[in-house]
$ cat input-v6.pdb   # PDB, C-alpha atoms
ATOM      1  CA  PHE Q   1       0.000   0.000   0.000
ATOM      2  CA  LEU Q   2       2.852   2.403   0.726
ATOM      3  CA  GLN Q   3       4.297   1.810  -2.724
ATOM      4  CA  LEU Q   4       0.907   2.724  -4.197
ATOM      5  CA  SER Q   5       0.696   5.921  -2.163
ATOM      6  CA  ALA Q   6       1.212   9.175  -4.024
ATOM      7  CA  GLN Q   7      -0.572  12.468  -4.596
ATOM      8  CA  ASN Q   8      -2.706  11.986  -1.455
ATOM      9  CA  ASN Q   9      -4.660   9.181  -3.100
ATOM     10  CA  ILE Q  10      -5.008   7.049   0.057
ATOM     11  CA  GLN Q  11      -4.322   7.126   3.799
ATOM     12  CA  VAL Q  12      -2.283   4.380   5.475
ATOM     13  CA  CYS Q  13      -2.523   4.161   9.267
ATOM     14  CA  ILE Q  14      -1.442   1.715  11.967
ATOM     15  CA  PRO Q  15      -3.327   2.579  15.169
ATOM     16  CA  THR Q  16      -1.952   0.880  18.279
ATOM     17  CA  THR Q  17      -4.591   1.686  20.896
ATOM     18  CA  PRO Q  18      -8.401   1.443  21.024
ATOM     19  CA  ALA Q  19      -8.657   5.245  21.371
ATOM     20  CA  GLN Q  20      -6.482   5.754  18.306
ATOM     21  CA  MET Q  21      -8.642   3.349  16.301
ATOM     22  CA  PHE Q  22     -11.827   5.050  17.479
ATOM     23  CA  HIS Q  23     -10.575   8.552  16.660
ATOM     24  CA  LEU Q  24      -9.157   7.427  13.321
ATOM     25  CA  ILE Q  25     -12.572   6.140  12.244
ATOM     26  CA  LEU Q  26     -14.226   9.300  13.600
ATOM     27  CA  ARG Q  27     -11.754  11.455  11.672
ATOM     28  CA  GLN Q  28     -12.509   9.527   8.506
ATOM     29  CA  TYR Q  29     -16.247   9.988   9.010
ATOM     30  CA  TYR Q  30     -16.081  13.742   9.622
ATOM     31  CA  ARG Q  31     -13.582  14.666   6.928
ATOM     32  CA  THR Q  32     -14.914  16.893   4.163
ATOM     33  CA  PHE Q  33     -12.901  15.021   1.518
ATOM     34  CA  THR Q  34     -12.934  11.314   0.815
ATOM     35  CA  ARG Q  35      -9.797   9.227   0.502
ATOM     36  CA  PRO Q  36      -9.649   5.480   1.045
ATOM     37  CA  LEU Q  37      -8.367   4.619   4.517
ATOM     38  CA  ILE Q  38      -6.068   1.613   4.787
ATOM     39  CA  VAL Q  39      -5.828   0.411   8.386
ATOM     40  CA  MET Q  40      -3.121  -2.111   9.191
ATOM     41  CA  THR Q  41      -3.456  -3.553  12.641
ATOM     42  CA  PRO Q  42      -2.873  -7.117  13.806
ATOM     43  CA  LYS Q  43      -5.436  -9.148  15.712
ATOM     44  CA  SER Q  44      -2.875  -9.734  18.471
ATOM     45  CA  LEU Q  45      -3.388  -6.170  19.726
ATOM     46  CA  LEU Q  46      -6.976  -7.131  20.594
ATOM     47  CA  ARG Q  47      -5.569  -9.627  23.107
ATOM     48  CA  ASN Q  48      -2.636  -7.543  24.336
ATOM     49  CA  PRO Q  49      -3.355  -6.277  27.881
ATOM     50  CA  ALA Q  50      -0.976  -3.344  27.356
ATOM     51  CA  ALA Q  51      -2.955  -2.097  24.330
ATOM     52  CA  THR Q  52      -5.620  -0.223  26.266
ATOM     53  CA  SER Q  53      -6.966   3.302  26.503
ATOM     54  CA  SER Q  54      -8.357   5.249  29.399
ATOM     55  CA  TYR Q  55     -11.880   6.596  29.323
ATOM     56  CA  ASP Q  56     -10.555  10.178  29.151
ATOM     57  CA  THR Q  57      -8.328   9.340  26.180
ATOM     58  CA  LEU Q  58     -11.252   7.747  24.412
ATOM     59  CA  VAL Q  59     -13.602  10.655  25.048
ATOM     60  CA  LYS Q  60     -11.426  13.776  25.119
ATOM     61  CA  SER Q  61      -8.589  13.157  22.670
ATOM     62  CA  LYS Q  62      -8.223  12.973  18.901
ATOM     63  CA  PHE Q  63      -6.280  10.842  16.431
ATOM     64  CA  GLU Q  64      -2.567  11.543  16.796
ATOM     65  CA  VAL Q  65      -0.385  10.780  13.767
ATOM     66  CA  ILE Q  66       2.604  10.246  16.085
ATOM     67  CA  LEU Q  67       2.694   9.048  19.692
ATOM     68  CA  GLU Q  68       5.707   9.720  21.880
ATOM     69  CA  HIS Q  69       6.524   7.656  24.961
ATOM     70  CA  LYS Q  70       9.033   9.427  27.205
ATOM     71  CA  PRO Q  71      10.130   7.783  30.448
ATOM     72  CA  GLN Q  72      10.305   9.996  33.528
ATOM     73  CA  LYS Q  73      14.099  10.094  33.291
ATOM     74  CA  VAL Q  74      15.143  10.229  29.631
ATOM     75  CA  ASP Q  75      18.472   8.863  28.402
ATOM     76  CA  ASP Q  76      19.501  10.960  25.374
ATOM     77  CA  ASN Q  77      21.727   8.206  23.986
ATOM     78  CA  ARG Q  78      19.078   6.960  21.530
ATOM     79  CA  VAL Q  79      15.542   7.394  20.257
ATOM     80  CA  ILE Q  80      13.718   4.380  18.870
ATOM     81  CA  ILE Q  81      11.111   4.983  16.172
ATOM     82  CA  CYS Q  82       8.670   2.238  15.233
ATOM     83  CA  THR Q  83       5.162   1.525  14.104
ATOM     84  CA  GLY Q  84       2.549  -1.046  15.028
ATOM     85  CA  LYS Q  85       2.656  -3.822  17.563
ATOM     86  CA  VAL Q  86       6.459  -3.984  17.852
ATOM     87  CA  TYR Q  87       6.069  -0.936  20.108
ATOM     88  CA  TYR Q  88       4.633  -3.147  22.855
ATOM     89  CA  ASP Q  89       7.563  -5.570  22.595
ATOM     90  CA  LEU Q  90       9.981  -2.624  22.812
ATOM     91  CA  LEU Q  91       8.111  -1.157  25.772
ATOM     92  CA  ALA Q  92       8.132  -4.496  27.632
ATOM     93  CA  PHE Q  93      11.876  -4.930  27.013
ATOM     94  CA  GLN Q  94      12.556  -1.357  28.099
ATOM     95  CA  THR Q  95      10.573  -1.759  31.314
ATOM     96  CA  GLU Q  96      12.145  -5.121  32.110
ATOM     97  CA  ASN Q  97      15.703  -3.905  31.504
ATOM     98  CA  LYS Q  98      15.244  -0.429  32.974
ATOM     99  CA  HIS Q  99      16.249   1.494  29.851
ATOM    100  CA  ASN Q 100      15.177   5.121  29.581
ATOM    101  CA  PHE Q 101      15.003   5.737  25.848
ATOM    102  CA  THR Q 102      12.209   7.609  24.115
ATOM    103  CA  LEU Q 103       9.936   5.435  21.965
ATOM    104  CA  ILE Q 104       8.146   7.112  19.068
ATOM    105  CA  ARG Q 105       5.262   5.431  17.228
ATOM    106  CA  LEU Q 106       4.253   6.505  13.761
ATOM    107  CA  GLU Q 107       0.498   5.945  13.685
ATOM    108  CA  GLN Q 108       0.063   7.357  10.174
ATOM    109  CA  LEU Q 109       2.464   6.396   7.400
ATOM    110  CA  TYR Q 110       0.765   8.123   4.477
ATOM    111  CA  PRO Q 111       0.375  11.010   4.044
ATOM    112  CA  PHE Q 112       3.669  11.030   5.904
ATOM    113  CA  PRO Q 113       3.619  13.402   8.919
ATOM    114  CA  ASP Q 114       6.860  15.249   8.051
ATOM    115  CA  SER Q 115       6.224  18.420  10.045
ATOM    116  CA  GLU Q 116       4.975  16.572  13.131
ATOM    117  CA  LEU Q 117       7.984  14.238  13.159
ATOM    118  CA  LYS Q 118      10.445  17.119  12.669
ATOM    119  CA  LYS Q 119       8.830  18.999  15.545
ATOM    120  CA  ILE Q 120       9.163  16.012  17.889
ATOM    121  CA  LEU Q 121      12.705  15.070  16.820
ATOM    122  CA  LYS Q 122      13.916  18.669  17.133
ATOM    123  CA  LYS Q 123      13.880  18.129  20.916
ATOM    124  CA  TYR Q 124      16.472  15.358  20.514
ATOM    125  CA  SER Q 125      19.275  17.302  18.839
ATOM    126  CA  LYS Q 126      21.818  15.886  21.332
ATOM    127  CA  THR Q 127      20.756  12.290  20.749
ATOM    128  CA  GLU Q 128      23.527  10.081  19.424
ATOM    129  CA  LYS Q 129      21.516   7.332  17.709
ATOM    130  CA  PHE Q 130      18.150   7.264  16.016
ATOM    131  CA  ILE Q 131      16.896   3.711  15.501
ATOM    132  CA  TRP Q 132      14.151   2.538  13.157
ATOM    133  CA  CYS Q 133      12.780  -0.797  14.406
ATOM    134  CA  GLN Q 134      10.320  -2.854  12.387
ATOM    135  CA  GLU Q 135       9.080  -6.435  12.482
ATOM    136  CA  GLU Q 136       8.893  -6.802   8.723
ATOM    137  CA  PRO Q 137      11.932  -7.785   6.638
ATOM    138  CA  ILE Q 138      14.050  -4.901   5.334
ATOM    139  CA  ASN Q 139      12.618  -5.237   1.816
ATOM    140  CA  GLN Q 140       9.059  -4.963   3.150
ATOM    141  CA  GLY Q 141       7.308  -2.655   5.581
ATOM    142  CA  ALA Q 142       7.764   1.074   6.040
ATOM    143  CA  TRP Q 143      11.587   1.224   5.946
ATOM    144  CA  PHE Q 144      11.827   0.316   2.286
ATOM    145  CA  VAL Q 145       9.517   3.161   1.218
ATOM    146  CA  LEU Q 146       9.870   5.864   3.881
ATOM    147  CA  ARG Q 147      13.500   5.870   5.069
ATOM    148  CA  SER Q 148      14.491   8.957   3.048
ATOM    149  CA  ARG Q 149      11.498  10.904   4.408
ATOM    150  CA  MET Q 150      12.278   9.832   7.963
ATOM    151  CA  ASN Q 151      15.985  10.680   7.587
ATOM    152  CA  ALA Q 152      15.011  14.152   6.326
ATOM    153  CA  CYS Q 153      13.208  14.756   9.635
ATOM    154  CA  LEU Q 154      16.239  14.002  11.818
ATOM    155  CA  PRO Q 155      18.196  16.875  13.371
ATOM    156  CA  ASP Q 156      21.740  17.765  12.261
ATOM    157  CA  GLN Q 157      21.905  15.526   9.178
ATOM    158  CA  LYS Q 158      21.831  12.355  11.301
ATOM    159  CA  GLN Q 159      20.787   9.025   9.789
ATOM    160  CA  LEU Q 160      18.443   6.337  11.027
ATOM    161  CA  ILE Q 161      19.906   2.951  11.894
ATOM    162  CA  TYR Q 162      17.763   0.041  10.676
ATOM    163  CA  VAL Q 163      16.929  -2.747  13.108
ATOM    164  CA  GLY Q 164      14.754  -5.565  11.837
ATOM    165  CA  ARG Q 165      14.723  -8.758   9.864
ATOM    166  CA  ASP Q 166      16.924  -9.445   6.853
ATOM    167  CA  ALA Q 167      15.421  -9.403   3.365
ATOM    168  CA  THR Q 168      13.132 -12.352   2.613
ATOM    169  CA  ALA Q 169      10.676 -13.359  -0.079
ATOM    170  CA  SER Q 170       7.967 -13.994   2.502
ATOM    171  CA  PRO Q 171       6.657 -11.578   5.149
ATOM    172  CA  ALA Q 172       6.290 -14.445   7.641
ATOM    173  CA  VAL Q 173       8.945 -16.807   8.958
ATOM    174  CA  GLY Q 174       6.692 -19.867   8.859
ATOM    175  CA  TYR Q 175       7.589 -21.277  12.284
ATOM    176  CA  TYR Q 176       6.244 -19.599  15.388
ATOM    177  CA  SER Q 177       9.277 -20.531  17.475
ATOM    178  CA  ARG Q 178      11.600 -18.967  14.899
ATOM    179  CA  HIS Q 179       9.392 -15.872  14.729
ATOM    180  CA  LEU Q 180       9.693 -15.437  18.516
ATOM    181  CA  GLU Q 181      13.458 -15.927  18.339
ATOM    182  CA  GLU Q 182      13.831 -13.305  15.595
ATOM    183  CA  GLN Q 183      11.465 -10.934  17.386
ATOM    184  CA  LYS Q 184      13.465 -11.215  20.607
ATOM    185  CA  LYS Q 185      16.694 -10.502  18.697
ATOM    186  CA  LEU Q 186      15.397  -7.427  16.873
ATOM    187  CA  VAL Q 187      13.980  -5.941  20.082
ATOM    188  CA  HIS Q 188      17.303  -6.575  21.862
ATOM    189  CA  ASP Q 189      19.223  -5.049  18.957
ATOM    190  CA  ALA Q 190      17.089  -1.887  19.029
ATOM    191  CA  PHE Q 191      18.411  -1.150  22.530
ATOM    192  CA  ASN Q 192      21.966  -2.375  21.979
ATOM    193  CA  VAL Q 193      23.047  -1.601  18.414
TER     194      VAL Q 193
END

$ encode --input "input-v6.pdb" --output "structure tokens"
Amino acid sequence: FLQLSAQNNIQVCIPTTPAQMFHLILRQYYRTFTRPLIVMTPKSLLRNPAATSSYDTLVKSKFEVILEHKPQKVDDNRVIICTGKVYYDLLAFQTENKHNFTLIRLEQLYPFPDSELKKILKKYSKTEKFIWCQEEPINQGAWFVLRSRMNACLPDQKQLIYVGRDATASPAVGYYSRHLEEQKKLVHDAFNV
């Protein structure tokens, strides 16, 4: 879908919370223009106890194209940018290992939120490493299509470091145990590359 995106012909979003999904659909309903909305979200988020929203968030917020998770004490060594359900794996690893890196979720991939991402990343001008973490292989997913746009949003001509699976012909590994092993490795690498 990202390869088919151009000239504002479609919208591609990956909401990661119930409130985000609700407000995304509401936004689509109330818009004065019509563009097809492509929503990519796995069924596993329906069962994930961490993927919840408060009543206030559901009622009083709006769809955010980018969500930023900052720990109370922020370590400026790295910022990890991701999209989709890998965020919850990163958050669990961060909590378990007591890391204090900022996690940024792109909830809308097209139209790409250039200005919003630049505004957020401007705060991290002293950050040493910016990591892009995705579950999909390098030749699939958002990295393949959007890396130049994401790199253009980074402060001081810095470059994103890719963390994810190697290129494959198939989006799925085929064996659940191998999937878990690869997932564990890519999450670990995002914090240690």

$ resolve_selection --input "input-v6.pdb" --expression "the PyMOL selection byres ((chain Q and resi 74) around 7)" --output "PyMOL selection string"
chain Q and resi 70-73+75-76+100-102

$ write_last_selection --input "input-v6.pdb" --atoms "C-alpha atoms" --output "PDB file, in the coordinates of the input"
ATOM      1  CA  LYS Q  70       9.033   9.427  27.205  1.00  0.00           C
ATOM      2  CA  PRO Q  71      10.130   7.783  30.448  1.00  0.00           C
ATOM      3  CA  GLN Q  72      10.305   9.996  33.528  1.00  0.00           C
ATOM      4  CA  LYS Q  73      14.099  10.094  33.291  1.00  0.00           C
ATOM      5  CA  ASP Q  75      18.472   8.863  28.402  1.00  0.00           C
ATOM      6  CA  ASP Q  76      19.501  10.960  25.374  1.00  0.00           C
ATOM      7  CA  ASN Q 100      15.177   5.121  29.581  1.00  0.00           C
ATOM      8  CA  PHE Q 101      15.003   5.737  25.848  1.00  0.00           C
ATOM      9  CA  THR Q 102      12.209   7.609  24.115  1.00  0.00           C
TER      10      THR Q 102
END

$ atom_distance --input "input-v6.pdb" --atom1 "CA of Ala51 (chain Q)" --atom2 "CA of Pro18 (chain Q)"
7.3 Å

$ residues_around --input "input-v6.pdb" --residues "Gln134 (chain Q)" --least-positions-apart "6" --cutoff "9 Å" --atoms "only C-alpha atoms" --output "PDB file with C-alpha atoms, in the frame of the given file"
ATOM      1  CA  ILE Q  81      11.111   4.983  16.172  1.00  0.00           C
ATOM      2  CA  CYS Q  82       8.670   2.238  15.233  1.00  0.00           C
ATOM      3  CA  THR Q  83       5.162   1.525  14.104  1.00  0.00           C
ATOM      4  CA  GLY Q  84       2.549  -1.046  15.028  1.00  0.00           C
ATOM      5  CA  VAL Q  86       6.459  -3.984  17.852  1.00  0.00           C
ATOM      6  CA  GLY Q 141       7.308  -2.655   5.581  1.00  0.00           C
ATOM      7  CA  ALA Q 142       7.764   1.074   6.040  1.00  0.00           C
ATOM      8  CA  TRP Q 143      11.587   1.224   5.946  1.00  0.00           C
ATOM      9  CA  TYR Q 162      17.763   0.041  10.676  1.00  0.00           C
ATOM     10  CA  VAL Q 163      16.929  -2.747  13.108  1.00  0.00           C
ATOM     11  CA  GLY Q 164      14.754  -5.565  11.837  1.00  0.00           C
ATOM     12  CA  ARG Q 165      14.723  -8.758   9.864  1.00  0.00           C
ATOM     13  CA  LEU Q 186      15.397  -7.427  16.873  1.00  0.00           C
TER      14      LEU Q 186
END

$ residues_around --input "input-v6.pdb" --residues "Asp166 (chain Q)" --least-positions-apart "6" --cutoff "10 Å" --atoms "only C-alpha atoms" --output "PDB file with C-alpha atoms, in the frame of the given file"
ATOM      1  CA  GLU Q 136       8.893  -6.802   8.723  1.00  0.00           C
ATOM      2  CA  PRO Q 137      11.932  -7.785   6.638  1.00  0.00           C
ATOM      3  CA  ILE Q 138      14.050  -4.901   5.334  1.00  0.00           C
ATOM      4  CA  ASN Q 139      12.618  -5.237   1.816  1.00  0.00           C
ATOM      5  CA  GLN Q 140       9.059  -4.963   3.150  1.00  0.00           C
TER       6      GLN Q 140
END

$ residues_around --input "input-v6.pdb" --residues "Tyr88 (chain Q)" --least-positions-apart "4" --cutoff "10 Å" --atoms "only C-alpha atoms" --output "tab-separated table (two decimals) with C-alpha atoms, in the coordinates of the input"
chain	number	residue	atom	x	y	z
Q	16	THR	CA	-1.95	0.88	18.28
Q	45	LEU	CA	-3.39	-6.17	19.73
Q	48	ASN	CA	-2.64	-7.54	24.34
Q	49	PRO	CA	-3.36	-6.28	27.88
Q	50	ALA	CA	-0.98	-3.34	27.36
Q	51	ALA	CA	-2.96	-2.10	24.33
Q	83	THR	CA	5.16	1.52	14.10
Q	84	GLY	CA	2.55	-1.05	15.03
Q	92	ALA	CA	8.13	-4.50	27.63
Q	93	PHE	CA	11.88	-4.93	27.01
Q	94	GLN	CA	12.56	-1.36	28.10

$ residues_around --input "input-v6.pdb" --residues "Val187 (chain Q)" --least-positions-apart "5" --cutoff "8 Å" --atoms "all atoms listed in the file" --output "CSV table (one decimal) with C-alpha atoms, in the frame of the given file"
chain,number,residue,atom,x,y,z
Q,89,ASP,CA,7.6,-5.6,22.6
Q,90,LEU,CA,10.0,-2.6,22.8
Q,93,PHE,CA,11.9,-4.9,27.0
Q,133,CYS,CA,12.8,-0.8,14.4

$ atom_distance --input "input-v6.pdb" --atom1 "CA of Ser125 (chain Q)" --atom2 "CA of Pro155 (chain Q)"
5.6 Å

$ closest_atom_pairs --input "input-v6.pdb" --of "region 25-135 of chain Q" --to "region 11-15 of chain Q" --cutoff "8 Å" --atoms "all atoms listed in the file" --output "Markdown table"
| residue | atom | partner | partner_atom | distance |
| --- | --- | --- | --- | --- |
| Q:Arg35 | CA | Q:Gln11 | CA | 6.7 |
| Q:Pro36 | CA | Q:Gln11 | CA | 6.2 |
| Q:Leu37 | CA | Q:Gln11 | CA | 4.8 |
| Q:Ile38 | CA | Q:Val12 | CA | 4.7 |
| Q:Val39 | CA | Q:Cys13 | CA | 5.1 |
| Q:Met40 | CA | Q:Ile14 | CA | 5.0 |
| Q:Thr41 | CA | Q:Ile14 | CA | 5.7 |
| Q:Thr83 | CA | Q:Ile14 | CA | 6.9 |
| Q:Gly84 | CA | Q:Ile14 | CA | 5.7 |
| Q:Leu106 | CA | Q:Ile14 | CA | 7.7 |
| Q:Glu107 | CA | Q:Ile14 | CA | 5.0 |
| Q:Gln108 | CA | Q:Cys13 | CA | 4.2 |
| Q:Leu109 | CA | Q:Val12 | CA | 5.5 |
| Q:Tyr110 | CA | Q:Val12 | CA | 4.9 |
| Q:Pro111 | CA | Q:Gln11 | CA | 6.1 |

$ closest_residue --input "input-v6.pdb" --among "Q:Ser54, Q:Gln20, Q:Val79, Q:Lys122" --to "Ile104 (chain Q)" --atoms "all atoms listed in the file"
Q:Val79

$ atom_distance --input "input-v6.pdb" --atom1 "CA of Tyr87 (chain Q)" --atom2 "CA of Arg31 (chain Q)"
28.3 Å

$ residues_around --input "input-v6.pdb" --residues "Leu58 (chain Q)" --least-positions-apart "6" --cutoff "10 Å" --atoms "all atoms listed in the file" --output "PDB file with C-alpha atoms, keeping the file's coordinate frame"
ATOM      1  CA  THR Q  17      -4.591   1.686  20.896  1.00  0.00           C
ATOM      2  CA  PRO Q  18      -8.401   1.443  21.024  1.00  0.00           C
ATOM      3  CA  ALA Q  19      -8.657   5.245  21.371  1.00  0.00           C
ATOM      4  CA  GLN Q  20      -6.482   5.754  18.306  1.00  0.00           C
ATOM      5  CA  MET Q  21      -8.642   3.349  16.301  1.00  0.00           C
ATOM      6  CA  PHE Q  22     -11.827   5.050  17.479  1.00  0.00           C
ATOM      7  CA  HIS Q  23     -10.575   8.552  16.660  1.00  0.00           C
ATOM      8  CA  THR Q  52      -5.620  -0.223  26.266  1.00  0.00           C
TER       9      THR Q  52
END

$ resolve_selection --input "input-v6.pdb" --expression "the PyMOL selection byres ((chain Q and resi 156) around 12)" --output "number ranges by chain"
Q: 118, 121-130, 151-155, 157-160

$ closest_residue --input "input-v6.pdb" --among "Q:Leu2, Q:Glu135, Q:Arg105, Q:Leu117" --to "Glu181 (chain Q)" --atoms "only C-alpha atoms"
Q:Glu135

$ axis_aligned_box --input "input-v6.pdb" --around "region 108-112 of chain Q" --padding-each-side "3 Å" --output "JSON"
{"center_x": 1.9, "center_y": 8.7, "center_z": 7.1, "size_x": 9.6, "size_y": 10.6, "size_z": 12.1}

$ decode --input "input-v6.pdb" --residues "region 91-111 of chain Q" --atoms "N, CA, C and O atoms" --output "PDB file, in the first residue's frame"
ATOM      1  N   LEU Q  91       8.472  -1.707  24.469  1.00  0.00           N
ATOM      2  CA  LEU Q  91       8.111  -1.157  25.772  1.00  0.00           C
ATOM      3  C   LEU Q  91       8.322  -2.184  26.884  1.00  0.00           C
ATOM      4  O   LEU Q  91       8.855  -1.854  27.949  1.00  0.00           O
ATOM      5  N   ALA Q  92       7.944  -3.436  26.633  1.00  0.00           N
ATOM      6  CA  ALA Q  92       8.132  -4.496  27.632  1.00  0.00           C
ATOM      7  C   ALA Q  92       9.619  -4.713  27.904  1.00  0.00           C
ATOM      8  O   ALA Q  92      10.040  -4.842  29.061  1.00  0.00           O
ATOM      9  N   PHE Q  93      10.432  -4.752  26.848  1.00  0.00           N
ATOM     10  CA  PHE Q  93      11.876  -4.930  27.013  1.00  0.00           C
ATOM     11  C   PHE Q  93      12.471  -3.753  27.774  1.00  0.00           C
ATOM     12  O   PHE Q  93      13.309  -3.929  28.660  1.00  0.00           O
ATOM     13  N   GLN Q  94      12.044  -2.551  27.436  1.00  0.00           N
ATOM     14  CA  GLN Q  94      12.556  -1.357  28.099  1.00  0.00           C
ATOM     15  C   GLN Q  94      12.214  -1.366  29.583  1.00  0.00           C
ATOM     16  O   GLN Q  94      13.058  -1.074  30.421  1.00  0.00           O
ATOM     17  N   THR Q  95      11.004  -1.721  29.917  1.00  0.00           N
ATOM     18  CA  THR Q  95      10.573  -1.759  31.314  1.00  0.00           C
ATOM     19  C   THR Q  95      11.331  -2.829  32.082  1.00  0.00           C
ATOM     20  O   THR Q  95      11.812  -2.595  33.195  1.00  0.00           O
ATOM     21  N   GLU Q  96      11.464  -3.997  31.468  1.00  0.00           N
ATOM     22  CA  GLU Q  96      12.145  -5.121  32.110  1.00  0.00           C
ATOM     23  C   GLU Q  96      13.624  -4.838  32.351  1.00  0.00           C
ATOM     24  O   GLU Q  96      14.179  -5.220  33.371  1.00  0.00           O
ATOM     25  N   ASN Q  97      14.262  -4.156  31.414  1.00  0.00           N
ATOM     26  CA  ASN Q  97      15.703  -3.905  31.504  1.00  0.00           C
ATOM     27  C   ASN Q  97      16.067  -2.510  31.983  1.00  0.00           C
ATOM     28  O   ASN Q  97      17.223  -2.108  31.930  1.00  0.00           O
ATOM     29  N   LYS Q  98      15.058  -1.757  32.389  1.00  0.00           N
ATOM     30  CA  LYS Q  98      15.244  -0.429  32.974  1.00  0.00           C
ATOM     31  C   LYS Q  98      16.022   0.533  32.069  1.00  0.00           C
ATOM     32  O   LYS Q  98      16.896   1.281  32.523  1.00  0.00           O
ATOM     33  N   HIS Q  99      15.699   0.509  30.784  1.00  0.00           N
ATOM     34  CA  HIS Q  99      16.249   1.494  29.851  1.00  0.00           C
ATOM     35  C   HIS Q  99      15.370   2.737  29.907  1.00  0.00           C
ATOM     36  O   HIS Q  99      14.202   2.665  30.249  1.00  0.00           O
ATOM     37  N   ASN Q 100      15.928   3.869  29.536  1.00  0.00           N
ATOM     38  CA  ASN Q 100      15.177   5.121  29.581  1.00  0.00           C
ATOM     39  C   ASN Q 100      15.202   5.849  28.240  1.00  0.00           C
ATOM     40  O   ASN Q 100      15.423   7.055  28.181  1.00  0.00           O
ATOM     41  N   PHE Q 101      14.996   5.125  27.166  1.00  0.00           N
ATOM     42  CA  PHE Q 101      15.003   5.737  25.848  1.00  0.00           C
ATOM     43  C   PHE Q 101      13.590   6.144  25.441  1.00  0.00           C
ATOM     44  O   PHE Q 101      12.607   5.527  25.845  1.00  0.00           O
ATOM     45  N   THR Q 102      13.499   7.178  24.636  1.00  0.00           N
ATOM     46  CA  THR Q 102      12.209   7.609  24.115  1.00  0.00           C
ATOM     47  C   THR Q 102      11.785   6.670  22.997  1.00  0.00           C
ATOM     48  O   THR Q 102      12.584   6.325  22.123  1.00  0.00           O
ATOM     49  N   LEU Q 103      10.520   6.258  23.021  1.00  0.00           N
ATOM     50  CA  LEU Q 103       9.936   5.435  21.965  1.00  0.00           C
ATOM     51  C   LEU Q 103       8.920   6.288  21.213  1.00  0.00           C
ATOM     52  O   LEU Q 103       8.046   6.889  21.827  1.00  0.00           O
ATOM     53  N   ILE Q 104       9.057   6.331  19.900  1.00  0.00           N
ATOM     54  CA  ILE Q 104       8.146   7.112  19.068  1.00  0.00           C
ATOM     55  C   ILE Q 104       7.426   6.172  18.117  1.00  0.00           C
ATOM     56  O   ILE Q 104       8.065   5.391  17.409  1.00  0.00           O
ATOM     57  N   ARG Q 105       6.091   6.254  18.121  1.00  0.00           N
ATOM     58  CA  ARG Q 105       5.262   5.431  17.228  1.00  0.00           C
ATOM     59  C   ARG Q 105       4.693   6.281  16.112  1.00  0.00           C
ATOM     60  O   ARG Q 105       4.024   7.286  16.374  1.00  0.00           O
ATOM     61  N   LEU Q 106       4.921   5.869  14.892  1.00  0.00           N
ATOM     62  CA  LEU Q 106       4.253   6.505  13.761  1.00  0.00           C
ATOM     63  C   LEU Q 106       2.908   5.794  13.588  1.00  0.00           C
ATOM     64  O   LEU Q 106       2.869   4.616  13.267  1.00  0.00           O
ATOM     65  N   GLU Q 107       1.839   6.522  13.796  1.00  0.00           N
ATOM     66  CA  GLU Q 107       0.498   5.945  13.685  1.00  0.00           C
ATOM     67  C   GLU Q 107      -0.086   6.172  12.293  1.00  0.00           C
ATOM     68  O   GLU Q 107      -1.046   5.526  11.915  1.00  0.00           O
ATOM     69  N   GLN Q 108       0.475   7.107  11.552  1.00  0.00           N
ATOM     70  CA  GLN Q 108       0.063   7.357  10.174  1.00  0.00           C
ATOM     71  C   GLN Q 108       1.307   7.348   9.302  1.00  0.00           C
ATOM     72  O   GLN Q 108       2.246   8.094   9.544  1.00  0.00           O
ATOM     73  N   LEU Q 109       1.306   6.497   8.284  1.00  0.00           N
ATOM     74  CA  LEU Q 109       2.464   6.396   7.400  1.00  0.00           C
ATOM     75  C   LEU Q 109       2.279   7.178   6.104  1.00  0.00           C
ATOM     76  O   LEU Q 109       3.244   7.611   5.496  1.00  0.00           O
ATOM     77  N   TYR Q 110       1.028   7.317   5.672  1.00  0.00           N
ATOM     78  CA  TYR Q 110       0.765   8.123   4.477  1.00  0.00           C
ATOM     79  C   TYR Q 110      -0.580   8.791   4.605  1.00  0.00           C
ATOM     80  O   TYR Q 110      -1.531   8.120   4.983  1.00  0.00           O
ATOM     81  N   PRO Q 111      -0.699  10.071   4.330  1.00  0.00           N
ATOM     82  CA  PRO Q 111       0.375  11.010   4.044  1.00  0.00           C
ATOM     83  C   PRO Q 111       1.356  11.069   5.213  1.00  0.00           C
ATOM     84  O   PRO Q 111       0.933  11.111   6.365  1.00  0.00           O
TER      85      PRO Q 111
END
